[in-house]
Amino acid sequence: MPAIRNLLGPQREKLVNQVRDLLGDVRAALVRLEVSPEDETRVRDSIRQLEDLFLLVVVGEFNAGKSAFVNALAGERILEEGVTPTTTRIQVLRHGEQFERTSVNGSVDLITAPVPLLKDIHIVDTPGTNAIERRHEAITQEYVPRADLVFFVTSADRPFTESERAFLEKIREWGKKIVVVINKIDILESPEDLVRIETFVGQNFERLLGVVPEIFPLAARVAFHAKQRGQQDELARSRFDALEEYIQNKLDEEERFRLKILNPLGVGLHLVYRYDGVISSRLEILKQDLETIETIQNEFAIYKDDMQRGFRLRLADVQNVLHELEARGEEFFEDTIRLPRFLDLINRSKIKADFEKKVVGDAPTLIEKRVEDIIDWMVSSELRQWQNVRDQLARRRTEHSERVAGQMAGGFDYDRVRLLETVGRAAQQTLEHYDKSAEANRMAESVQAAVAGAALMEVGAVGLGAAVSMLASTTAADITGMLAAGLLAALGFFVIPQKRRTAKKELRERIAALREQLMSSLNGQFNREIDRSVFKLDEAMAPYTRFVRGERDRLEASREELKALEYNMTQVKIEVSA
């Protein structure tokens, strides 16, 4: 911890504290986003590493001579060398009074050595980027984000291979400063070969990273032996002195501090960019989810309108039955209330029986059949609407299943898919277990109860047709009773026509009352059934709807937070870079 403190003045310490606070805010924002534990750990490590010595990480393919390069840099044979992959673990070199190797966490070796360079810089040697074991390459990639400076070692006999290019693509977004070492130049036959290799490496790096890196061609093994033997001419031939001059003069205290600050800023910005992209991807998914929800809810409204419109059309069939009943009643009175049929007119029972047979007739049965047809239509329509909801949610489950998988460690993907499946399963179960007969019976009983309630009668188990028949029969009884009483009271040439007109008028009024009563009951009950159907559909969608809208609001707030952090870190980066 005291290492960087020794480098700090008041201004630098203020800058370190500013960067630490910014990274703390980044970490808090990422925790709220439920990012992967690895990324949360990277931010935490970056904060902690602000207090550590400058960290130089050496990467490259195995057999590029990384270990030989580190040994030449240290002037001591600290690391094992060989033609086969000798570095299968992370090796961290630090200053110590004596050489010592300690295993840490099973994948890291901590090596201390009395090397002056290590008093100011920690050096990390990593497994080859083209290691046969993917685990070796993985631990290399995990360690790169911690680096304050990356030395990328490539071999003069195989410069900038495909695996090196792929590895550099993976670390490019971390924004690390990379210094390129072209090792083994002693195997080249001419200076022209070296110029061609330098040009080739420089152009490929610029194409890949957008900048031309500092390139140091050298022969690490030649340099190491020259240092061991004190051969200055061989050391000069190795061209290792140019790299050491860079480390001594350009990688001075000021530059090390600058890179030390830029490293955690690069980590923070990289993660902010990455998760801003994840948020954008999720918001796009949620946008399409919301469009689906809006489509379904609009279809609920259309469904309700269509149901009400269809119901009015079908209700007209019921009204036609009553119109026909009324027409038959007028015809009945026209034929019946005549003087030649006087004896029939004063026979109340006969008139009532004839009225029920010729006028009421099968009207109750027809009305009941029309209402049953409406009920069947409503049950089928509701099932089709459930089918539509199920199908649309099934499409949402499959459209982005690969796209969203594994983007974050949190519950977004899981919760979203779970809710989609829950709502879809509810729709599927409704379709599978929907008892059309039982639902139709329930609706019929509700309609019957509504009609009976409006008529103030106790129908019990009597069907709708029986209820209508009772209403119509009551009308018949009232009218025929009025006829019999009136005709017994007075006879005359003018009385019969007057009674006929009165009977027709009374019939129209009673049929109108029956129509109003029946239509009001049917309208009220069926509107309640339509509302009930829409409510059930809406309730099934509600958990998914709440989740999508809540996640959208949460992610939009997180994106604004990340944008603010990105701006603040960029401003500090510009200040430090300047």
# chains A, B, ... in the order shown; residues from 1 in each chain; ligands from 1
call {"tool": "residues_around", "arguments": {"residues": "region 152-168 of chain A", "least_positions_apart": "5", "cutoff": "8 Å", "atoms": "only C-alpha atoms", "output": "ChimeraX atom specification"}}
result
/A:58-61,63-66,129-130,178-185,187-188,197,201,204,208
call {"tool": "residues_around", "arguments": {"residues": "region 87-98 of chain A", "least_positions_apart": "6", "cutoff": "9 Å", "atoms": "only C-alpha atoms", "output": "number ranges by chain"}}
result
A: 57, 62, 67, 78-81, 106-128, 131, 133, 136, 139-140, 143
call {"tool": "write_last_selection", "arguments": {"atoms": "C-alpha atoms", "output": "PDB file, in the first residue's frame"}}
result
ATOM      1  CA  VAL A  57       2.045  -7.720 -17.666  1.00  0.00           C
ATOM      2  CA  PHE A  62       4.205 -19.706 -25.929  1.00  0.00           C
ATOM      3  CA  SER A  67      10.199 -15.949 -19.988  1.00  0.00           C
ATOM      4  CA  ILE A  78      14.154 -16.059 -12.407  1.00  0.00           C
ATOM      5  CA  LEU A  79      11.836 -17.901 -14.800  1.00  0.00           C
ATOM      6  CA  GLU A  80      12.257 -21.293 -16.402  1.00  0.00           C
ATOM      7  CA  GLU A  81      12.763 -21.322 -20.184  1.00  0.00           C
ATOM      8  CA  GLY A 106      -3.699 -22.648  -7.199  1.00  0.00           C
ATOM      9  CA  SER A 107      -3.113 -20.653 -10.433  1.00  0.00           C
ATOM     10  CA  VAL A 108      -0.634 -17.931  -9.400  1.00  0.00           C
ATOM     11  CA  ASP A 109       2.997 -18.178  -8.335  1.00  0.00           C
ATOM     12  CA  LEU A 110       4.363 -15.262  -6.322  1.00  0.00           C
ATOM     13  CA  ILE A 111       8.117 -14.935  -6.908  1.00  0.00           C
ATOM     14  CA  THR A 112      10.312 -12.586  -4.922  1.00  0.00           C
ATOM     15  CA  ALA A 113      13.858 -11.751  -6.046  1.00  0.00           C
ATOM     16  CA  PRO A 114      16.505  -9.150  -5.098  1.00  0.00           C
ATOM     17  CA  VAL A 115      16.237  -7.354  -8.446  1.00  0.00           C
ATOM     18  CA  PRO A 116      16.453  -3.505  -8.348  1.00  0.00           C
ATOM     19  CA  LEU A 117      13.883  -3.063 -11.147  1.00  0.00           C
ATOM     20  CA  LEU A 118      11.261  -4.826  -9.033  1.00  0.00           C
ATOM     21  CA  LYS A 119      11.457  -2.120  -6.354  1.00  0.00           C
ATOM     22  CA  ASP A 120       9.344   0.137  -8.584  1.00  0.00           C
ATOM     23  CA  ILE A 121       7.568  -2.321 -10.876  1.00  0.00           C
ATOM     24  CA  HIS A 122       5.804  -5.653 -10.462  1.00  0.00           C
ATOM     25  CA  ILE A 123       6.150  -7.903 -13.502  1.00  0.00           C
ATOM     26  CA  VAL A 124       3.650 -10.606 -14.440  1.00  0.00           C
ATOM     27  CA  ASP A 125       4.520 -13.458 -16.810  1.00  0.00           C
ATOM     28  CA  THR A 126       1.481 -15.218 -18.276  1.00  0.00           C
ATOM     29  CA  PRO A 127       0.770 -18.525 -20.066  1.00  0.00           C
ATOM     30  CA  GLY A 128       0.860 -18.446 -23.853  1.00  0.00           C
ATOM     31  CA  ALA A 131      -1.859 -22.476 -25.093  1.00  0.00           C
ATOM     32  CA  GLU A 133      -5.158 -25.823 -22.587  1.00  0.00           C
ATOM     33  CA  HIS A 136      -4.101 -21.236 -19.538  1.00  0.00           C
ATOM     34  CA  ILE A 139      -6.140 -16.959 -16.821  1.00  0.00           C
ATOM     35  CA  THR A 140      -4.034 -14.766 -19.119  1.00  0.00           C
ATOM     36  CA  TYR A 143      -5.049 -10.912 -15.652  1.00  0.00           C
TER      37      TYR A 143
END
call {"tool": "select_by_dssp", "arguments": {"residues": "region 183-359 of chain A", "states": "strand (DSSP E or B)", "output": "ChimeraX atom specification"}}
result
/A:183,214-217
call {"tool": "residues_around", "arguments": {"residues": "region 19-25 of chain A", "least_positions_apart": "6", "cutoff": "9 Å", "atoms": "only C-alpha atoms", "output": "PyMOL selection string"}}
result
chain A and resi 43-44+46-48+50+261+264-265+268+565+568-569+572
call {"tool": "closest_residue", "arguments": {"among": "A:Ile296, A:Met519, A:Ile215, A:Leu33", "to": "Asn388 (chain A)", "atoms": "only C-alpha atoms"}}
result
A:Ile296
call {"tool": "residues_around", "arguments": {"residues": "Asn523 (chain A)", "least_positions_apart": "3", "cutoff": "9 Å", "atoms": "only C-alpha atoms", "output": "compact mmCIF listing (two decimals) with C-alpha atoms, in the first residue's frame"}}
result
# COMPACT_ATOMS: atom_id res chain seq x y z
CA PHE A 311 -73.85 -9.39 -29.22
CA ARG A 312 -76.08 -6.57 -30.47
CA LEU A 315 -79.66 -9.90 -29.67
CA LEU A 518 -85.61 -9.08 -21.28
CA MET A 519 -83.23 -6.88 -23.31
CA SER A 520 -82.13 -4.96 -20.24
CA PHE A 526 -73.70 -10.20 -21.19
CA ASN A 527 -71.80 -6.93 -20.74
CA ARG A 528 -70.74 -8.21 -17.32
call {"tool": "atom_distance", "arguments": {"atom1": "CA of Gly75 (chain A)", "atom2": "CA of Ala242 (chain A)"}}
result
15.2 Å
